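Visitor: I have a structure I would like to understand better, so I am pasting it below and will then ask my questions one at a time.
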Amino acid sequence: MNKNSSNIMALAPNTSNKRETVCIFGTGDFGRALGHKMIQSGYSVVYGSRSTQISNLIPKDAEVLSHAEAAQKADVIIIAIQRQHYNFLTPLAEILHGKVLVDISNNLKLNQYPESNAEYLAQLLPGSRVVKAFNTVSAWALQSGTLDASRQVFVCGDDVDAKQMVMNIVRAVGLTPLDKGTLLAAQEIENYPLQLFPMWKFPIFLSLGLTTFFFFYCLALDVIYTYIYEKNNFSFFIAITIPNQVCPAMALILLALVYLPGIFAAIIQLYRGTKYRRFPDWLDKWMLCRKQLGLIALAFASLHVVFSLVTPMRAFSKWRTSKGIISQALNNKTEPLDHTDAWMSDSYLALGILGFFLFVLLGITSLPSVSNSVNWREFRFVQSKLGYLALIFCTAHTLVYGGKWFLSPSAYKWYLPNIYMLSLVIPCAVLVVKFVLIFPCIDKPLTQIRQGWERNPKHSE
Amino acid sequence: MNKNSSNIMALAPNTSNKRETVCIFGTGDFGRALGHKMIQSGYSVVYGSRSTQISNLIPKDAEVLSHAEAAQKADVIIIAIQRQHYNFLTPLAEILHGKVLVDISNNLKLNQYPESNAEYLAQLLPGSRVVKAFNTVSAWALQSGTLDASRQVFVCGDDVDAKQMVMNIVRAVGLTPLDKGTLLAAQEIENYPLQLFPMWKFPIFLSLGLTTFFFFYCLALDVIYTYIYEKNNFSFFIAITIPNQVCPAMALILLALVYLPGIFAAIIQLYRGTKYRRFPDWLDKWMLCRKQLGLIALAFASLHVVFSLVTPMRAFSKWRTSKGIISQALNNKTEPLDHTDAWMSDSYLALGILGFFLFVLLGITSLPSVSNSVNWREFRFVQSKLGYLALIFCTAHTLVYGGKWFLSPSAYKWYLPNIYMLSLVIPCAVLVVKFVLIFPCIDKPLTQIRQGWERNPKHSE
Amino acid sequence: MNKNSSNIMALAPNTSNKRETVCIFGTGDFGRALGHKMIQSGYSVVYGSRSTQISNLIPKDAEVLSHAEAAQKADVIIIAIQRQHYNFLTPLAEILHGKVLVDISNNLKLNQYPESNAEYLAQLLPGSRVVKAFNTVSAWALQSGTLDASRQVFVCGDDVDAKQMVMNIVRAVGLTPLDKGTLLAAQEIENYPLQLFPMWKFPIFLSLGLTTFFFFYCLALDVIYTYIYEKNNFSFFIAITIPNQVCPAMALILLALVYLPGIFAAIIQLYRGTKYRRFPDWLDKWMLCRKQLGLIALAFASLHVVFSLVTPMRAFSKWRTSKGIISQALNNKTEPLDHTDAWMSDSYLALGILGFFLFVLLGITSLPSVSNSVNWREFRFVQSKLGYLALIFCTAHTLVYGGKWFLSPSAYKWYLPNIYMLSLVIPCAVLVVKFVLIFPCIDKPLTQIRQGWERNPKHSE
């Protein structure tokens, strides 16, 4: 156990670097895993336990004592027990006075208790210095040493020195402490590991719903209609042709939905004549998930690009190409180049490439490390100016590609519009309204309102 | 206003977590926005204002008092007034003694005043503890709660405890404080939000200029020349064919320009025999924007890749392919596979793919979070070794593709060289000189010079 | 030298902002470079040197004194001398008492000495406050001002105030200090700049070995066999065709190797009935380089995608296509669309696209800044659930594409299996065993073991 070849970040390969003693209350899974890791990092670990007989699960080099004895041996005590048992600590209040208590507990539900576990502990033992830490790390990761996920440990507490001591331990076991301020942040820290992509839920469900709808819409029009009326079995369209109609439609609609709430917000502010009243709840929520909507749109756009690029490798398009060429050859004629066609095909491709290029740029700037390295003005420039440019290019790409079908009756199978037309509704609406909003006569009052001016002060709350 | 459903990071959903009182001087837009946010986070806010009558713009739960009264109620006072009005604070010097004053002001121009606003405030009120913070956040973002850009707030100040207090407030309102040291950093922090991609200006203007030149050059040779002498209207080349000649040329030239200043620096150092004299100004500036040049080159290279990959989907190339096949079919013959051709086409494609692959690797390592996780030696290895390898591959790709045209008279329309030849000049020059520089007889003295050795100590300053 | 236009981060463009005096012991390359930079940032620098005559290499504005005199002028002393000369500092112990000594030394080998240089310095001068810093920055980068690599400076030390003083200097010269805790971290910090992608070595050598093997395997079967038995010279397959067989095989095998150690770990834990015994060393090492294996697999997959997409641009495939079409045309017939073929080609393309899409998602979440912004649960969800989904898609892609060859005798040239079959062995094995492991009767005890339960407590150590 002494040789810890697996842990690259082990700071004390030779145990000559003896660190201080740390006490751990509780011999559960996390307490044991943390104890193992701390011993590997050069700490002396003493466990406080109800039964002081040495369990063989506890690290060999650790001592096991009663809670009171163990607490006296160390300045830092890690409370690896569950919140409902915290009240057994109250008799130890005197011994724990002045000690640093590290609350590592997690809850099973978001906001399970009115106050966070760490604040509850601090109320029980007002003389102790409570620090919240380690709750975002999994015992399994600590045990196996394979910390490939985030190495960040959120730390908060009211006592700066106590926090420093705990942050030193965090660093010593190879993790990165992140100071989150006073103990008031404990609630947030305790909620953190319970989340599973909270901001992504609505965008993902919206995309799944829309994708399913569009998929069956295309299936009906392209496969079932063709099968019924033209007796052609194009069931293999399910694999590429239909996804490649759904993906661009989804990408364009979702990209437009990123900019739609900004349009609504501007209209609401213009109507109210003030920015000091809250937006409706749905608009607030929508604005907060714009980044997620944009990234899902980018995923759909990328899929569309790859689906389109593999076209020449499909057996179906090879067959269609050769059928066309053979029929020309058998008729002994070569069709001349159709210049309109060449222009149309080249320009929708070029527009699509440029739109996708700007889209990828937007995606890159939304990476946390990139958006942290630009200031507010630069971020606004990229996300707003380049974003609208991407929307314009992508809408134009779709218009040039699918525009000819608007007037063709054959495009309205079962009197239903083609998916290209459906996907253009929202983007075109956004672009038209945005175009109106940048007229000076409308842009000027809007800018004033956003700088704090009010048309009608009595309206404000 | 109590329910703040939109703010995911709200730390104090229940107002039971009462924090201390903070005073805000000034009821302008930013002062109000910050006050709103702090009340939501559990702080008591008291405004200091000339007129103490409660404006309906000010958050309901905030108190409004005279400056002197407000200042006495809090330890932290946020100075949300403009620099030119700072001198009205001097009469309050006694009340403000020992208080933490948070300077949140911004200027309209870079380096507008000889000293930063925060330092000016500290000079006016030497008894107060001045901290610079919050100036990089926009009032609009604070108000609307949509902080999708950087959450970083730069904080600096001479008093460590005062800085800690301000950093706690920053964290409490859901932002991330970043300690920038003493008040001397205030000037930099005040300049930060005024910048708009300062390092990108020269590379972007250079690329725009070169792109425009190459575009019209290709337009003249490929469209106008063909129209005049061959009576062919290839105007649709503007959309894809010409961009796909300009993009690779730009990518190759800009990539070579990334490595050219290093070549110049080596020659200058060899000539001078010392590294202790500054490079000329233009070389210094050039070296500092190498990363930006490289990223723009990568953007052009990516565009080139996509432009090339869509080729089979273009109406023009479909027409050209079928014309070729039909003419063979009508002549009743099948041409055998030209092995030289197969080798040439496969090897320029393979070289281009490998070059682009290395290029993308370079781009990924220049992401801030990736370059922060490698050490200096690793960064040098990737950027120097892999970078030159990418340059070699890309130059070879162009040489194999366009090399045959060097000797063909038809390539010299209007006696002008083809764009392929133009784009090869700088990369080939860089590679040849670099090849000379790695000769041991030249590399050895250069390495010595870079380790501090001097050929002629009297030359140094 | 006063005008420092090149250094964007210069905090003190006007020297009116005088900072305190800092002493540097040693006038070597790094000492001079650091001195230059500090003078530019507004510090007064005094050098401590054996010979006090002013060398012309030393920055003009710096003073040069004897060690004792120089030390008395400053609170912070930067020790820019080598470890083997540290003992000359012992006579100065009295003067250095209470001073902040900054150890910036590096070693030539990993773990060259039993204790780190900084700890050795602290033992020599127990009265001084030793801080480790600056050793991860290169003198050349400091000198030239082109700090495009990481700006992070790791700082550690036992005295918090001393560390703060040094971190202020680090910030003042335009770098970002990163607190690594107490002086025990010095060993790790000293080893850091000596590493060259330590975690990447095994994955890269493994990939190079496998790639070489597969390359020659394909060369033998596709080029040499064809040349010998079919008298066809397909030597140009070396450029694209063979790489495009090797890359997907490598990508699939390496992706399976990412998930194989997890399978082994589960089996070992099930067999042992406990998680409290260490895995064999090879398994530990393997688990720690899974991220690297996955990223290399992603690189191969990306190459495979691009190699495949350029197919229609190859002279060989153009020739093959036209040969097929012409032979049909000359026979006056058009082959009808083969629906099985259309289904097969479309579905293997679609599976490959989805697999690659998920693979890229995995790659993006492994970027440091992205993985830091998700919690443990989210990271596990992406890496485990989406990872297996990607493996399933990619395996299915290969099966649909290459499956038909399993039964075809012509695929077994020289009685050797095709590369498609070789590449499927490990992925299929991983998927089958994983499928067994998620059966409730096996998953339940495994989950219990991972939560700390033990089947047979006496087995544990």
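Residues in the structure tokens are numbered from 1 in each chain, the chains being A, B, ... in the order shown, and ligands are numbered from 1 in the order shown.
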Could you please tell me, as a ChimeraX atom specification, which residues of chain C have an atom within 6 Å of chain B when using only C-alpha atoms?
Guide: /C:6,29,146,150,168,193,196,236,239,314-316,322,326,368-369
Visitor: Go through B:Ile39, B:Val22, B:Leu194, B:Ala249 one by one, measure the shortest atom-to-atom distance of each to B:Cys218 using only C-alpha atoms, and give the residue with the smallest value.
Guide: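 Of B:Ile39, B:Val22, B:Leu194, B:Ala249, the one nearest B:Cys218, counting only C-alpha atoms, is B:Ala249.
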Visitor: To one decimal place, how far is atom CA of A:Leu125 from atom CA of A:Tyr47 in Å?
Guide: 19.8 Å
Visitor: In stretch 87-298 of chain B, what's strand (DSSP E or B) per DSSP? Answer as an MDAnalysis selection string?
Guide: chainID B and resid 100:103 129:132 152:157 176:179
Visitor: Write out as a PyMOL selection string which residues come within 9 Å of B:Lys109 when counting only C-alpha atoms, dropping same-chain ones fewer than 3 positions away.
Guide: chain B and resi 106+112-113+191+194
Visitor: With all heavy atoms retained, export the selected residues as a PDB file, in the first residue's frame.
Guide:
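The resulting file, part_13.pdb, is reproduced below:
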```pdb
ATOM      1  N   ASN B 106     -15.507  53.184 -14.627  1.00  0.00           N
ATOM      2  CA  ASN B 106     -14.812  52.927 -15.885  1.00  0.00           C
ATOM      3  C   ASN B 106     -14.538  54.249 -16.591  1.00  0.00           C
ATOM      4  O   ASN B 106     -15.215  55.238 -16.336  1.00  0.00           O
ATOM      5  CB  ASN B 106     -15.677  52.060 -16.793  1.00  0.00           C
ATOM      6  CG  ASN B 106     -15.354  50.611 -16.606  1.00  0.00           C
ATOM      7  OD1 ASN B 106     -14.200  50.273 -16.391  1.00  0.00           O
ATOM      8  ND2 ASN B 106     -16.355  49.767 -16.672  1.00  0.00           N
ATOM      9  N   GLN B 112      -7.165  57.290 -19.882  1.00  0.00           N
ATOM     10  CA  GLN B 112      -7.720  58.632 -19.967  1.00  0.00           C
ATOM     11  C   GLN B 112      -7.038  59.583 -18.985  1.00  0.00           C
ATOM     12  O   GLN B 112      -6.787  60.741 -19.304  1.00  0.00           O
ATOM     13  CB  GLN B 112      -9.223  58.553 -19.671  1.00  0.00           C
ATOM     14  CG  GLN B 112     -10.002  59.782 -20.095  1.00  0.00           C
ATOM     15  CD  GLN B 112     -11.496  59.565 -19.921  1.00  0.00           C
ATOM     16  OE1 GLN B 112     -11.930  58.484 -19.521  1.00  0.00           O
ATOM     17  NE2 GLN B 112     -12.278  60.576 -20.238  1.00  0.00           N
ATOM     18  N   TYR B 113      -6.736  59.120 -17.792  1.00  0.00           N
ATOM     19  CA  TYR B 113      -6.107  59.941 -16.770  1.00  0.00           C
ATOM     20  C   TYR B 113      -4.723  59.387 -16.454  1.00  0.00           C
ATOM     21  O   TYR B 113      -4.466  58.212 -16.688  1.00  0.00           O
ATOM     22  CB  TYR B 113      -6.954  59.937 -15.497  1.00  0.00           C
ATOM     23  CG  TYR B 113      -8.332  60.509 -15.694  1.00  0.00           C
ATOM     24  CD1 TYR B 113      -9.418  59.665 -15.877  1.00  0.00           C
ATOM     25  CD2 TYR B 113      -8.546  61.887 -15.700  1.00  0.00           C
ATOM     26  CE1 TYR B 113     -10.692  60.193 -16.058  1.00  0.00           C
ATOM     27  CE2 TYR B 113      -9.815  62.415 -15.886  1.00  0.00           C
ATOM     28  CZ  TYR B 113     -10.884  61.561 -16.065  1.00  0.00           C
ATOM     29  OH  TYR B 113     -12.127  62.076 -16.244  1.00  0.00           O
ATOM     30  N   ASN B 191      -8.680  49.615 -17.992  1.00  0.00           N
ATOM     31  CA  ASN B 191      -8.560  49.572 -19.449  1.00  0.00           C
ATOM     32  C   ASN B 191      -9.218  48.341 -20.056  1.00  0.00           C
ATOM     33  O   ASN B 191      -9.649  48.358 -21.202  1.00  0.00           O
ATOM     34  CB  ASN B 191      -7.082  49.588 -19.863  1.00  0.00           C
ATOM     35  CG  ASN B 191      -6.485  50.973 -19.729  1.00  0.00           C
ATOM     36  OD1 ASN B 191      -7.210  51.975 -19.752  1.00  0.00           O
ATOM     37  ND2 ASN B 191      -5.175  51.039 -19.589  1.00  0.00           N
ATOM     38  N   LEU B 194     -12.508  48.273 -22.081  1.00  0.00           N
ATOM     39  CA  LEU B 194     -12.551  49.159 -23.244  1.00  0.00           C
ATOM     40  C   LEU B 194     -11.970  48.504 -24.486  1.00  0.00           C
ATOM     41  O   LEU B 194     -12.089  49.033 -25.589  1.00  0.00           O
ATOM     42  CB  LEU B 194     -11.772  50.449 -22.948  1.00  0.00           C
ATOM     43  CG  LEU B 194     -12.352  51.303 -21.821  1.00  0.00           C
ATOM     44  CD1 LEU B 194     -11.385  52.386 -21.435  1.00  0.00           C
ATOM     45  CD2 LEU B 194     -13.687  51.889 -22.253  1.00  0.00           C
TER      46      LEU B 194
END
```
Visitor: Determine the nearest neighbour of A:Asp103 from the options A:Asp61, A:Asp75, A:Glu190, A:Asp159, counting only C-alpha atoms.
Guide: A:Glu190
Visitor: Compare A:Gly26, A:Leu34, A:Gln123, A:Ile169 by their minimum atom-to-atom distance to A:Val76, counting only C-alpha atoms, and give me the closest one.
Guide: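 Among A:Gly26, A:Leu34, A:Gln123, A:Ile169, it is A:Ile169 that comes nearest to A:Val76.
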Visitor: If I take atom CA of C:Ala93 and atom CA of C:Ala122, how far is one from the other in Å, to one decimal?
Guide: 11.0 Å
